[in-house]
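**Student:** Coordinates in query.csv, CSV, C-alpha atoms, are listed below.
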chain,number,residue,atom,x,y,z
A,351,MET,CA,-11.5,-29.1,18.6
A,352,GLN,CA,-8.4,-27.0,19.4
A,353,THR,CA,-6.9,-24.3,17.1
A,354,ASP,CA,-4.7,-21.2,17.4
A,355,ILE,CA,-6.9,-18.6,15.7
A,356,ILE,CA,-10.6,-18.5,14.9
A,357,ILE,CA,-11.8,-15.9,12.3
A,358,ILE,CA,-15.6,-15.3,12.2
A,359,GLY,CA,-16.6,-14.4,8.7
A,360,ALA,CA,-15.4,-15.6,5.3
A,361,GLY,CA,-15.9,-12.3,3.5
A,362,VAL,CA,-13.1,-10.3,2.0
A,363,ILE,CA,-11.9,-8.9,5.3
A,364,GLY,CA,-11.9,-12.3,7.1
A,365,LEU,CA,-10.1,-14.0,4.2
A,366,SER,CA,-7.5,-11.2,3.8
A,367,THR,CA,-6.8,-11.5,7.6
A,368,ALA,CA,-6.4,-15.2,7.3
A,369,TYR,CA,-4.1,-14.9,4.3
A,370,HIS,CA,-1.8,-12.4,6.0
A,371,LEU,CA,-1.7,-14.5,9.2
A,372,ALA,CA,-0.9,-17.6,7.3
A,373,ARG,CA,1.8,-15.9,5.3
A,374,GLN,CA,3.5,-14.4,8.3
A,375,ASN,CA,3.4,-17.5,10.5
A,376,ASN,CA,2.5,-20.7,8.6
A,377,LYS,CA,2.7,-22.7,11.9
A,378,GLN,CA,-0.5,-21.2,13.2
A,379,ARG,CA,-3.6,-23.3,12.9
A,380,ILE,CA,-6.3,-21.0,11.5
A,381,VAL,CA,-10.0,-21.8,11.2
A,382,ILE,CA,-12.6,-19.5,9.5
A,383,LEU,CA,-16.3,-19.9,10.4
A,384,GLU,CA,-18.9,-18.7,7.9
A,385,LYS,CA,-22.6,-19.0,8.5
A,386,GLU,CA,-23.5,-18.7,4.8
A,387,LYS,CA,-23.4,-21.6,2.4
A,388,PHE,CA,-20.4,-20.2,0.5
A,389,HIS,CA,-17.4,-17.9,1.3
A,390,GLY,CA,-18.0,-14.3,0.3
A,391,ALA,CA,-21.8,-14.7,0.1
A,392,GLY,CA,-22.5,-11.9,2.6
A,393,SER,CA,-21.7,-8.2,2.1
A,394,THR,CA,-18.8,-8.9,-0.2
A,395,ALA,CA,-21.2,-10.4,-2.8
A,396,GLN,CA,-23.1,-7.1,-2.9
A,397,CYS,CA,-20.1,-4.8,-3.1
A,398,THR,CA,-19.7,-2.5,-6.1
A,399,GLY,CA,-15.9,-2.7,-6.0
A,400,GLY,CA,-14.8,1.0,-5.7
A,401,ILE,CA,-11.3,1.9,-4.5
A,402,ARG,CA,-10.6,5.5,-3.6
A,403,HIS,CA,-8.0,7.8,-2.0
A,404,GLN,CA,-10.4,10.7,-1.6
A,405,PHE,CA,-11.3,10.8,2.1
A,406,THR,CA,-11.3,13.6,4.6
A,407,ASN,CA,-9.8,11.5,7.4
A,408,GLN,CA,-6.1,10.8,7.1
A,409,VAL,CA,-6.5,7.2,8.4
A,410,ASN,CA,-8.7,6.2,5.6
A,411,ILE,CA,-6.3,7.7,3.0
A,412,GLN,CA,-3.5,5.7,4.6
A,413,LEU,CA,-5.6,2.5,4.5
A,414,THR,CA,-6.0,3.0,0.8
A,415,LYS,CA,-2.3,3.8,0.2
A,416,ILE,CA,-1.4,0.5,2.0
A,417,SER,CA,-4.1,-1.5,0.1
A,418,TYR,CA,-3.6,0.0,-3.4
A,419,PRO,CA,-0.3,-1.8,-4.2
A,420,TYR,CA,-1.9,-5.1,-3.3
A,421,PHE,CA,-4.7,-4.5,-5.9
A,422,LEU,CA,-2.1,-3.5,-8.5
A,423,ARG,CA,-0.3,-6.8,-8.0
A,424,PHE,CA,-3.2,-9.0,-7.1
A,425,ALA,CA,-3.8,-10.8,-10.3
A,426,ALA,CA,-0.2,-11.8,-10.6
A,427,ASP,CA,0.5,-12.5,-6.9
A,428,MET,CA,-2.8,-14.3,-6.1
A,429,GLN,CA,-3.2,-15.9,-9.5
A,430,TYR,CA,-6.8,-14.8,-10.0
A,431,PRO,CA,-8.1,-12.0,-12.2
A,432,ILE,CA,-9.8,-8.9,-10.6
A,433,TYR,CA,-10.3,-6.7,-13.7
A,434,PHE,CA,-8.6,-3.7,-12.0
A,435,ARG,CA,-9.6,-0.5,-13.8
A,436,GLN,CA,-8.1,2.9,-13.0
A,437,ARG,CA,-11.0,5.3,-13.9
A,438,GLY,CA,-10.9,7.7,-11.0
A,439,TYR,CA,-13.6,9.2,-8.7
A,440,LEU,CA,-15.2,12.5,-9.2
A,441,PHE,CA,-17.0,14.2,-6.3
A,442,VAL,CA,-19.2,17.2,-7.0
A,443,THR,CA,-21.1,19.6,-4.8
A,444,ALA,CA,-23.3,22.8,-5.0
A,445,ARG,CA,-23.0,23.5,-1.2
A,446,GLU,CA,-20.4,25.9,0.3
A,447,SER,CA,-19.7,23.7,3.3
A,448,ARG,CA,-19.0,20.7,1.2
A,449,TRP,CA,-16.9,22.6,-1.3
A,450,GLN,CA,-14.7,23.8,1.6
A,451,GLU,CA,-14.4,20.1,2.7
A,452,LEU,CA,-13.3,19.1,-0.8
A,453,GLN,CA,-10.7,21.9,-0.7
A,454,ASN,CA,-9.4,20.8,2.7
A,455,MET,CA,-9.4,17.2,1.5
A,456,GLN,CA,-7.3,18.2,-1.6
A,457,GLU,CA,-4.7,19.9,0.7
A,458,GLN,CA,-4.4,16.7,2.8
A,459,LEU,CA,-4.1,14.5,-0.2
A,460,ASN,CA,-1.3,16.7,-1.6
A,461,ARG,CA,0.5,16.4,1.8
A,462,LEU,CA,0.2,12.6,1.6
A,463,ASP,CA,1.5,12.6,-2.0
A,464,VAL,CA,-1.7,11.5,-3.6
A,465,PRO,CA,-2.2,13.2,-7.0
A,466,SER,CA,-5.6,14.8,-7.2
A,467,GLN,CA,-7.1,18.0,-8.4
A,468,LEU,CA,-10.0,20.4,-8.0
A,469,LEU,CA,-12.2,21.0,-11.1
A,470,THR,CA,-14.4,24.0,-12.0
A,471,PRO,CA,-17.9,23.4,-13.2
A,472,GLU,CA,-16.8,24.4,-16.7
A,473,GLU,CA,-14.0,21.7,-16.6
A,474,ILE,CA,-16.4,19.1,-15.4
A,475,ASN,CA,-18.9,20.0,-18.2
A,476,THR,CA,-16.2,19.8,-20.8
A,477,VAL,CA,-15.1,16.3,-19.9
A,478,TYR,CA,-18.4,14.9,-18.7
A,479,PRO,CA,-21.1,16.8,-20.7
A,480,PHE,CA,-23.9,14.5,-19.4
A,481,VAL,CA,-23.4,15.9,-15.8
A,482,LEU,CA,-25.6,19.0,-15.0
A,483,THR,CA,-23.1,21.6,-13.7
A,484,GLY,CA,-25.1,24.8,-13.6
A,485,ASP,CA,-25.5,24.8,-9.8
A,486,LEU,CA,-22.1,23.3,-8.9
A,487,LEU,CA,-19.3,25.0,-7.1
A,488,GLY,CA,-16.8,22.5,-8.3
A,489,GLY,CA,-15.5,19.0,-7.9
A,490,SER,CA,-12.6,16.8,-6.8
A,491,PHE,CA,-10.9,14.2,-9.0
A,492,CYS,CA,-8.2,11.6,-8.4
A,493,HIS,CA,-7.2,9.6,-11.4
A,494,LEU,CA,-5.7,6.8,-9.2
A,495,ASP,CA,-9.1,5.9,-7.8
A,496,ALA,CA,-10.3,2.6,-9.4
A,497,TYR,CA,-12.6,-0.4,-9.5
A,498,ALA,CA,-11.9,-4.1,-9.0
A,499,ASP,CA,-14.1,-7.2,-9.1
A,500,PRO,CA,-15.1,-8.0,-5.5
A,501,TYR,CA,-15.7,-11.7,-6.4
A,502,GLY,CA,-12.2,-12.0,-7.9
A,503,VAL,CA,-10.5,-10.4,-4.9
A,504,MET,CA,-12.5,-12.6,-2.5
A,505,GLU,CA,-11.8,-15.8,-4.5
A,506,GLY,CA,-8.1,-15.0,-4.9
A,507,TYR,CA,-7.8,-14.7,-1.2
A,508,TYR,CA,-9.8,-17.8,-0.6
A,509,ARG,CA,-7.7,-20.0,-2.9
A,510,GLN,CA,-4.5,-18.7,-1.4
A,511,CYS,CA,-5.8,-19.3,2.1
A,512,ARG,CA,-6.6,-22.9,1.3
A,513,LYS,CA,-3.1,-23.4,-0.2
A,514,LEU,CA,-1.6,-22.0,3.0
A,515,GLY,CA,-3.6,-24.5,5.1
A,516,VAL,CA,-6.4,-22.3,6.4
A,517,GLN,CA,-9.5,-24.3,7.2
A,518,VAL,CA,-12.8,-22.7,6.0
A,519,LEU,CA,-16.1,-24.1,7.5
A,520,CYS,CA,-19.2,-22.7,5.7
A,521,ASN,CA,-22.7,-23.3,6.9
A,522,THR,CA,-21.3,-22.9,10.4
A,523,GLU,CA,-22.9,-20.2,12.6
A,524,VAL,CA,-21.2,-19.0,15.8
A,525,THR,CA,-23.7,-19.1,18.6
A,526,GLY,CA,-21.5,-18.0,21.5
A,527,ILE,CA,-18.1,-16.6,22.4
A,528,ASN,CA,-16.5,-18.3,25.4
A,529,VAL,CA,-14.8,-15.9,27.8
A,530,GLN,CA,-13.1,-16.8,31.1
A,531,ASN,CA,-11.4,-14.2,33.4
A,532,ASN,CA,-11.9,-11.5,30.7
A,533,ARG,CA,-10.0,-13.6,28.1
A,534,VAL,CA,-11.5,-15.3,25.1
A,535,THR,CA,-11.1,-19.1,25.1
A,536,GLY,CA,-13.1,-20.1,22.0
A,537,VAL,CA,-16.5,-20.2,20.4
A,538,LEU,CA,-19.7,-22.3,20.3
A,539,TYR,CA,-21.1,-23.1,16.9
A,540,HIS,CA,-23.8,-24.9,15.0
A,541,GLN,CA,-23.6,-26.3,11.5
A,542,ALA,CA,-26.6,-26.0,9.3
A,543,ASN,CA,-26.3,-29.5,8.0
A,544,GLN,CA,-26.5,-31.0,11.5
A,545,PRO,CA,-29.8,-31.7,13.3
A,546,THR,CA,-30.5,-29.5,16.3
A,547,GLY,CA,-30.4,-31.3,19.5
A,548,PRO,CA,-28.4,-31.8,22.8
A,549,SER,CA,-25.6,-33.6,21.0
A,550,THR,CA,-25.0,-30.8,18.5
A,551,GLU,CA,-25.9,-27.6,20.3
A,552,GLN,CA,-22.6,-27.3,22.2
A,553,ASN,CA,-20.1,-27.7,19.4
A,554,ILE,CA,-17.0,-26.0,20.7
A,555,ILE,CA,-13.7,-24.8,19.1
A,556,ASN,CA,-11.1,-23.7,21.6
A,557,ALA,CA,-8.6,-21.0,20.7
A,558,PRO,CA,-6.8,-18.2,22.5
A,559,MET,CA,-7.4,-15.7,19.6
A,560,VAL,CA,-10.8,-14.9,18.0
A,561,ILE,CA,-11.2,-12.3,15.3
A,562,ASN,CA,-14.6,-10.9,14.6
A,563,ALA,CA,-14.8,-10.1,10.9
A,564,ALA,CA,-18.6,-10.8,10.7
A,565,GLY,CA,-19.5,-7.7,8.6
A,566,PRO,CA,-22.9,-6.3,9.4
A,567,HIS,CA,-23.2,-8.9,12.3
A,568,LEU,CA,-20.1,-7.4,13.9
A,569,HIS,CA,-22.0,-5.9,16.8
A,570,LEU,CA,-24.0,-9.1,17.4
A,571,LEU,CA,-20.8,-11.2,17.7
A,572,ALA,CA,-19.3,-8.6,20.0
A,573,ARG,CA,-22.3,-8.8,22.2
A,574,MET,CA,-21.8,-12.5,22.6
A,575,ALA,CA,-18.5,-11.6,24.3
A,576,GLY,CA,-20.2,-9.1,26.6
A,577,LEU,CA,-19.2,-6.1,24.5
A,578,GLU,CA,-21.4,-3.3,23.1
A,579,LEU,CA,-20.0,-1.8,19.9
A,580,PRO,CA,-21.6,1.3,18.3
A,581,ALA,CA,-21.8,-0.3,14.9
A,582,SER,CA,-25.2,-0.8,13.2
A,583,PRO,CA,-26.1,-2.5,9.9
A,584,TYR,CA,-27.8,-0.4,7.2
A,585,ARG,CA,-29.4,-1.4,3.9
A,586,ARG,CA,-28.0,0.0,0.7
A,587,GLN,CA,-29.9,-0.3,-2.6
A,588,VAL,CA,-28.2,-0.6,-5.9
A,589,TYR,CA,-30.0,0.1,-9.2
A,590,VAL,CA,-28.7,-1.8,-12.1
A,591,CYS,CA,-29.3,-0.1,-15.5
A,592,ALA,CA,-28.7,-1.1,-19.1
A,593,PRO,CA,-25.8,0.7,-20.9
A,594,MET,CA,-26.6,4.1,-22.3
A,595,PRO,CA,-25.0,5.8,-25.4
A,596,ALA,CA,-24.8,9.1,-23.5
A,597,ILE,CA,-22.7,7.7,-20.7
A,598,SER,CA,-19.4,6.1,-21.6
A,599,ALA,CA,-18.3,2.9,-19.9
A,600,SER,CA,-15.0,4.6,-19.1
A,601,ILE,CA,-16.4,7.3,-16.8
A,602,PRO,CA,-15.1,7.7,-13.3
A,603,LEU,CA,-17.3,6.9,-10.4
A,604,ILE,CA,-19.3,10.2,-10.0
A,605,VAL,CA,-20.7,11.2,-6.7
A,606,ASP,CA,-23.0,14.1,-5.9
A,607,LEU,CA,-22.1,14.7,-2.2
A,608,ASP,CA,-25.2,16.8,-1.7
A,609,THR,CA,-27.7,13.9,-2.3
A,610,GLY,CA,-25.4,10.9,-2.0
A,611,PHE,CA,-26.3,9.9,-5.6
A,612,TYR,CA,-23.5,8.0,-7.5
A,613,VAL,CA,-23.2,6.5,-10.9
A,614,HIS,CA,-20.6,3.7,-11.7
A,615,ALA,CA,-20.1,2.1,-15.1
A,616,GLU,CA,-19.0,-1.5,-15.3
A,617,LYS,CA,-16.6,-2.7,-17.9
A,618,ASN,CA,-19.5,-3.8,-20.2
A,619,GLY,CA,-21.2,-0.4,-19.9
A,620,ILE,CA,-23.8,-1.6,-17.4
A,621,LEU,CA,-24.5,1.2,-14.9
A,622,LEU,CA,-24.7,0.8,-11.1
A,623,LEU,CA,-26.6,3.6,-9.5
A,624,GLY,CA,-27.4,4.4,-5.9
A,625,GLY,CA,-26.3,6.3,-2.8
A,626,THR,CA,-29.5,8.2,-1.8
A,627,ASP,CA,-30.4,5.9,1.1
A,628,ARG,CA,-27.7,6.5,3.7
A,629,ASP,CA,-30.2,7.5,6.4
A,630,ASN,CA,-32.3,4.3,6.2
A,631,ALA,CA,-33.3,2.7,9.5
A,632,PRO,CA,-30.9,-0.1,10.6
A,633,GLY,CA,-31.7,-3.6,9.5
A,634,LEU,CA,-30.1,-6.9,8.5
A,635,GLU,CA,-32.7,-8.1,6.0
A,636,PRO,CA,-31.6,-7.3,2.4
A,637,LEU,CA,-35.1,-6.2,1.4
A,638,VAL,CA,-35.7,-3.9,-1.6
A,639,ASP,CA,-37.8,-0.9,-0.7
A,640,ARG,CA,-39.4,0.4,-3.9
A,641,SER,CA,-40.9,3.4,-2.0
A,642,GLN,CA,-37.5,5.0,-2.2
A,643,LEU,CA,-37.5,5.0,-6.0
A,644,PRO,CA,-39.1,8.5,-6.5
A,645,ASP,CA,-36.4,10.2,-4.3
A,646,PHE,CA,-33.7,8.2,-6.0
A,647,ILE,CA,-34.9,9.2,-9.5
A,648,GLU,CA,-35.2,12.8,-8.5
A,649,ALA,CA,-31.6,12.9,-7.3
A,650,ALA,CA,-30.3,10.9,-10.2
A,651,THR,CA,-31.9,12.9,-13.0
A,652,GLY,CA,-31.3,16.1,-11.2
A,653,ARG,CA,-27.5,15.6,-11.7
A,654,VAL,CA,-27.5,13.4,-14.8
A,655,PRO,CA,-30.6,14.3,-16.9
A,656,ALA,CA,-29.9,11.5,-19.4
A,657,LEU,CA,-30.9,9.0,-16.8
A,658,GLU,CA,-34.5,9.9,-17.4
A,659,ASP,CA,-34.2,7.4,-20.3
A,660,ALA,CA,-32.4,4.7,-18.2
A,661,GLN,CA,-33.8,1.2,-18.1
A,662,ILE,CA,-33.6,-0.3,-14.6
A,663,THR,CA,-33.0,-4.0,-15.1
A,664,ARG,CA,-32.6,-5.0,-11.4
A,665,ILE,CA,-32.6,-3.6,-7.9
A,666,TYR,CA,-30.7,-5.3,-5.1
A,667,THR,CA,-29.8,-4.5,-1.5
A,668,GLY,CA,-26.5,-5.0,0.4
A,669,ILE,CA,-25.9,-4.5,4.1
A,670,ARG,CA,-23.1,-2.4,5.5
A,671,SER,CA,-22.0,-1.7,9.1
A,672,LEU,CA,-21.7,1.9,10.1
A,673,THR,CA,-20.2,3.6,13.1
A,674,PRO,CA,-21.0,7.1,14.5
A,675,ASP,CA,-17.7,8.6,13.1
A,676,GLY,CA,-17.7,6.8,9.8
A,677,LEU,CA,-14.4,5.0,10.6
A,678,GLY,CA,-14.0,1.2,11.0
A,679,ILE,CA,-13.3,-0.8,14.1
A,680,LEU,CA,-10.0,-2.6,14.2
A,681,GLY,CA,-8.0,-4.0,17.1
A,682,GLU,CA,-8.2,-5.9,20.3
A,683,THR,CA,-11.2,-5.3,22.5
A,684,GLU,CA,-11.5,-5.1,26.3
A,685,VAL,CA,-11.7,-8.9,26.2
A,686,SER,CA,-8.1,-10.2,25.8
A,687,GLY,CA,-7.6,-12.1,22.7
A,688,PHE,CA,-10.9,-11.0,21.1
A,689,TYR,CA,-10.3,-8.7,18.1
A,690,CYS,CA,-12.7,-6.9,15.8
A,691,ALA,CA,-12.2,-6.0,12.2
A,692,GLY,CA,-15.3,-4.4,10.7
A,693,GLY,CA,-17.7,-1.4,10.7
A,694,PHE,CA,-16.0,0.2,7.7
A,695,GLY,CA,-19.3,1.4,6.2
A,696,GLY,CA,-18.9,0.1,2.7
A,697,ASN,CA,-15.1,0.7,2.5
A,698,GLY,CA,-14.2,-2.7,3.8
A,699,PHE,CA,-13.6,-4.1,0.3
A,700,MET,CA,-11.1,-1.4,-0.7
A,701,HIS,CA,-9.3,-1.5,2.6
A,702,ALA,CA,-9.3,-5.2,3.0
A,703,PRO,CA,-5.6,-5.7,2.2
A,704,ALA,CA,-4.6,-3.2,4.8
A,705,ILE,CA,-7.1,-4.4,7.4
A,706,GLY,CA,-5.9,-8.0,7.0
A,707,LEU,CA,-2.3,-7.0,7.2
A,708,ILE,CA,-2.8,-4.7,10.3
A,709,THR,CA,-4.9,-7.3,12.1
A,710,SER,CA,-2.4,-10.0,11.5
A,711,CYS,CA,0.4,-7.8,12.9
A,712,LEU,CA,-1.6,-7.0,16.0
A,713,VAL,CA,-2.4,-10.7,16.6
A,714,LEU,CA,1.2,-11.8,16.1
A,715,GLY,CA,2.7,-9.0,18.1
A,716,GLU,CA,4.4,-7.3,15.1
A,717,GLN,CA,4.6,-3.7,14.2
A,718,PRO,CA,1.7,-2.7,11.9
A,719,PRO,CA,2.2,-0.4,8.9
A,720,LEU,CA,0.2,2.3,10.6
A,721,ASP,CA,-0.9,3.2,14.1
A,722,PRO,CA,-4.5,1.7,14.4
A,723,THR,CA,-5.3,3.7,17.5
A,724,PRO,CA,-7.9,5.9,15.7
A,725,LEU,CA,-9.8,2.7,14.8
A,726,SER,CA,-9.6,1.1,18.2
A,727,PRO,CA,-12.8,-0.6,19.5
A,728,ASN,CA,-12.3,1.4,22.7
A,729,ARG,CA,-12.1,4.9,21.1
A,730,PHE,CA,-15.7,5.9,21.3
A,731,ASN,CA,-15.5,7.5,24.8
A,732,ASN,CA,-13.5,10.3,23.1
A,733,ALA,CA,-14.4,12.5,20.2
A,734,PRO,CA,-12.5,11.1,17.1
A,735,VAL,CA,-12.3,13.1,13.9
A,736,ALA,CA,-15.2,11.9,11.7
A,737,GLU,CA,-15.0,10.9,8.1
A,738,LYS,CA,-17.0,13.4,6.0
A,739,ALA,CA,-16.6,12.1,2.5
A,740,LEU,CA,-19.4,9.6,2.8
A,741,PHE,CA,-22.2,8.8,0.4
Render the structure in this file as structure tokens.

**Tutor:**
Amino acid sequence: MQTDIIIIGAGVIGLSTAYHLARQNNKQRIVILEKEKFHGAGSTAQCTGGIRHQFTNQVNIQLTKISYPYFLRFAADMQYPIYFRQRGYLFVTARESRWQELQNMQEQLNRLDVPSQLLTPEEINTVYPFVLTGDLLGGSFCHLDAYADPYGVMEGYYRQCRKLGVQVLCNTEVTGINVQNNRVTGVLYHQANQPTGPSTEQNIINAPMVINAAGPHLHLLARMAGLELPASPYRRQVYVCAPMPAISASIPLIVDLDTGFYVHAEKNGILLLGGTDRDNAPGLEPLVDRSQLPDFIEAATGRVPALEDAQITRIYTGIRSLTPDGLGILGETEVSGFYCAGGFGGNGFMHAPAIGLITSCLVLGEQPPLDPTPLSPNRFNNAPVAEKALF
């Protein structure tokens, strides 16, 4: 089989990339390969849907600024609802070093024309009385920060991709990347509904361009092309709780930067809690680790005492790919024609419109809306400015 572009991964980044490629050049033959049974069944399915401008690294802020208008227009343009809700993000801290980071972040947001503000503990307590503020130095709030439905965004992209002629093959696992003279020439793959044997092991699709959008498997696919990327998959547990009278469904996503704890309210009042497991050991299995529950409860009730009465209805685990500097990996690798788009550490959903647009520009030789050099797969020999607003 011969095609023009292969995209590995039918999550929100892979689908966004295919959509932008197909829109910019509808003569390109594009094939997406997805090892799961359905598109969006990997990391996108476990995403909580946050969209924020509040980052310490300018590149992340710019990625949000590029993506944000797409979310505002998504339901109309893509003809699929995403339940976009502009509720804001509130970051709080009791530590001097992080308080200084929040102040520096605010200055940068103001320079980039992002409306945001610093709040005193008293102001936080007035608006959100369920938050314990006695030890806080302050917080940072941006009312533009928002939520959207990850399934809706993924499905909207998928349906538009199909209309534009993109071929999506699920149950299709890439087993090798073909490289000749340091240039990618295609991939080997196996389809789950085919028997294993000599006649099926060497299924090949030839293409001069391959885009690795494999989410937490990003580093493994890169290794098939002879590359080592410093991106590792980490488990992330989410605690689903029943609605609580003390916590309104209209609250912003609240993050305690000191512990990583966050609380996010869905439109029906259901609470999504988590964020205290950033330093877990790497792993690809979405296993729930109940031994982490005591530390999580301590962090949660220490900032929101009302959660002592919370009813946890479900715990699930997602996997995210993290890099040493907290920035994603985007661009052409040392292997000509082999691109990577991943490692965004849980921010891939909110930045998917920008990531897809930038990747398509690079592949098609057009000018991207921002300089992607700080995200280059080849940047790690230097000392890039790390993202600090992580949880």

**Student:** Write out, as a tab-separated table, each residue of stretch 580-613 of chain A that has an atom at most 6 Å from stretch 430-450 of chain A, together with the closest pair of atoms and their distance in Å to one decimal, counting all atoms listed in the file, rows going by chain and rising number.

**Tutor:**
residue	atom	partner	partner_atom	distance
A:Pro602	CA	A:Gly438	CA	4.8
A:Leu603	CA	A:Tyr439	CA	4.7
A:Ile604	CA	A:Leu440	CA	4.8
A:Val605	CA	A:Phe441	CA	4.8
A:Asp606	CA	A:Val442	CA	5.0
A:Leu607	CA	A:Thr443	CA	5.6
A:Asp608	CA	A:Thr443	CA	5.9

**Student:** Could you jot down the atom CA of A:Pro727 to atom CA of A:Gln412 separation for me, Å, one decimal place?

**Tutor:**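 Distance reported for this atom pair: 18.7 Å.
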
**Student:** Against stretch 507-525 of chain A, which residues of stretch 665-723 of chain A fall within 12 Å? For each one I want the closest pair of atoms and the distance in Å (one decimal), counting all atoms listed in the file, rows by chain and increasing residue number, as CSV.

**Tutor:**
residue,atom,partner,partner_atom,distance
A:Ala702,CA,A:Tyr507,CA,10.5
A:Pro703,CA,A:Tyr507,CA,9.9
A:Gly706,CA,A:Tyr507,CA,10.8

**Student:** What does the distance from atom CA of A:Ile597 to atom CA of A:Val481 come to in Å, to one decimal?

**Tutor:**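 Distance between the two atoms: 9.6 Å.
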
**Student:** In Å, how far is it from atom CA of A:Gln456 to atom CA of A:Asp495?

**Tutor:**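 Calculated distance between atom CA of A:Gln456 and atom CA of A:Asp495 is 13.9 Å.
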
**Student:** Restricting the calculation to all atoms listed in the file, which member of A:Arg664, A:Arg729, A:Arg585, A:His403 is positioned closest to A:Gly678?

**Tutor:**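 Residue with the minimum atom-to-atom distance to A:Gly678: A:Arg729.
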
**Student:** Of the candidates A:Leu462, A:Val529, A:Ile708, A:Ile401, which shows the shortest atom-to-atom distance to A:His493, using only C-alpha atoms?

**Tutor:**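 That would be A:Ile401, the residue with the smallest distance to A:His493.
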
**Student:** Which residue, A:Gly576, A:Gly687, A:Gly619, A:Gly624, has the smallest gap to A:Ala557 when you use all atoms listed in the file?

**Tutor:**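 Among the listed residues, A:Gly687 lies closest to A:Ala557.
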
**Student:** Which residue gives the smallest distance to A:Ala660 among A:Phe388, A:Ser466, A:Leu571, A:Val613, with only C-alpha atoms counted?

**Tutor:**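 Nearest candidate to A:Ala660 out of A:Phe388, A:Ser466, A:Leu571, A:Val613: A:Val613.
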
**Student:** With distances taken over all atoms listed in the file, which of A:Ala631, A:Leu672, A:Met504, A:Ile358 is nearest to A:Phe741?

**Tutor:**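 For A:Phe741, the nearest of the candidates is A:Leu672.
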
**Student:** Go through A:Asp645, A:Asp675, A:Asp629, A:Asp463 one by one, measure the shortest atom-to-atom distance of each to A:Asn407 using only C-alpha atoms, and give the residue with the smallest value.

**Tutor:** A:Asp675

**Student:** For A:Tyr501, please output as a ChimeraX atom specification all residues within 10 Å (counting only C-alpha atoms; exclusion window: fewer than 5 positions along the same chain).

**Tutor:** /A:361-362,390-391,394-397,399,431-432,506-507

**Student:** List the spatial neighbours of A:Gln453 as a PDB file with C-alpha atoms, keeping the file's coordinate frame - criterion: any atom at most 9 Å away, only C-alpha atoms, same-chain residues fewer than 5 positions off excluded.

**Tutor:**
ATOM      1  CA  ARG A 448     -19.000  20.700   1.200  1.00  0.00           C
ATOM      2  CA  GLN A 458      -4.400  16.700   2.800  1.00  0.00           C
ATOM      3  CA  LEU A 468     -10.000  20.400  -8.000  1.00  0.00           C
ATOM      4  CA  SER A 490     -12.600  16.800  -6.800  1.00  0.00           C
TER       5      SER A 490
END

**Student:** Fewer than 3 positions away in the same chain doesn't count, so skip those; otherwise give me all residues within 9 Å of A:Asp659, counting only C-alpha atoms, as an MDAnalysis selection string.

**Tutor:** chainID A and resid 594 655:656

**Student:** Any idea what's packed within 9 Å of A:Tyr666, counting all atoms listed in the file, ignoring anything in its chain fewer than 4 positions away? Could you give it as a list of chain:residue names?

**Tutor:**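 With the cut-off at 9 Å, the set is A:Gln396, A:Arg586, A:Gln587, A:Val588, A:Tyr589, A:Val590, A:Pro636, A:Leu637, A:Val638.
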
**Student:** Restricting the output to C-alpha atoms, write the selected residues as a PDB file, in the coordinates of the input.

**Tutor:**
ATOM      1  CA  GLN A 396     -23.100  -7.100  -2.900  1.00  0.00           C
ATOM      2  CA  ARG A 586     -28.000   0.000   0.700  1.00  0.00           C
ATOM      3  CA  GLN A 587     -29.900  -0.300  -2.600  1.00  0.00           C
ATOM      4  CA  VAL A 588     -28.200  -0.600  -5.900  1.00  0.00           C
ATOM      5  CA  TYR A 589     -30.000   0.100  -9.200  1.00  0.00           C
ATOM      6  CA  VAL A 590     -28.700  -1.800 -12.100  1.00  0.00           C
ATOM      7  CA  PRO A 636     -31.600  -7.300   2.400  1.00  0.00           C
ATOM      8  CA  LEU A 637     -35.100  -6.200   1.400  1.00  0.00           C
ATOM      9  CA  VAL A 638     -35.700  -3.900  -1.600  1.00  0.00           C
TER      10      VAL A 638
END

**Student:** Need the shell around A:Ile380: protein/DNA/RNA residues with any atom at most 12 Å away, counting only C-alpha atoms. Skip same-chain ones fewer than 4 positions apart. Format as a ChimeraX atom specification?

**Tutor:** /A:351-358,364-365,367-373,375-376,511-512,514-519,555-561,710

**Student:** Once N, CA and C atoms are restored for stretch 398-403 of chain A, what would the output be as a short mmCIF file (atom, residue, chain, number, x, y, z; two decimals), keeping the file's coordinate frame?

**Tutor:**
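Once written, rebuild-v7.cif looks like this:
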data_model
loop_
_atom_site.label_atom_id
_atom_site.label_comp_id
_atom_site.auth_asym_id
_atom_site.auth_seq_id
_atom_site.Cartn_x
_atom_site.Cartn_y
_atom_site.Cartn_z
N THR A 398 -19.86 -3.00 -4.75
CA THR A 398 -19.70 -2.50 -6.10
C THR A 398 -18.25 -2.36 -6.56
N GLY A 399 -17.29 -2.53 -5.65
CA GLY A 399 -15.90 -2.70 -6.00
C GLY A 399 -15.07 -1.40 -6.16
N GLY A 400 -15.53 -0.28 -5.61
CA GLY A 400 -14.80 1.00 -5.70
C GLY A 400 -13.54 0.97 -4.80
N ILE A 401 -12.50 1.68 -5.26
CA ILE A 401 -11.30 1.90 -4.50
C ILE A 401 -10.87 3.32 -4.62
N ARG A 402 -10.85 4.04 -3.52
CA ARG A 402 -10.60 5.50 -3.60
C ARG A 402 -9.60 5.97 -2.56
N HIS A 403 -8.90 7.05 -2.92
CA HIS A 403 -8.00 7.80 -2.00
C HIS A 403 -8.71 8.97 -1.38
#
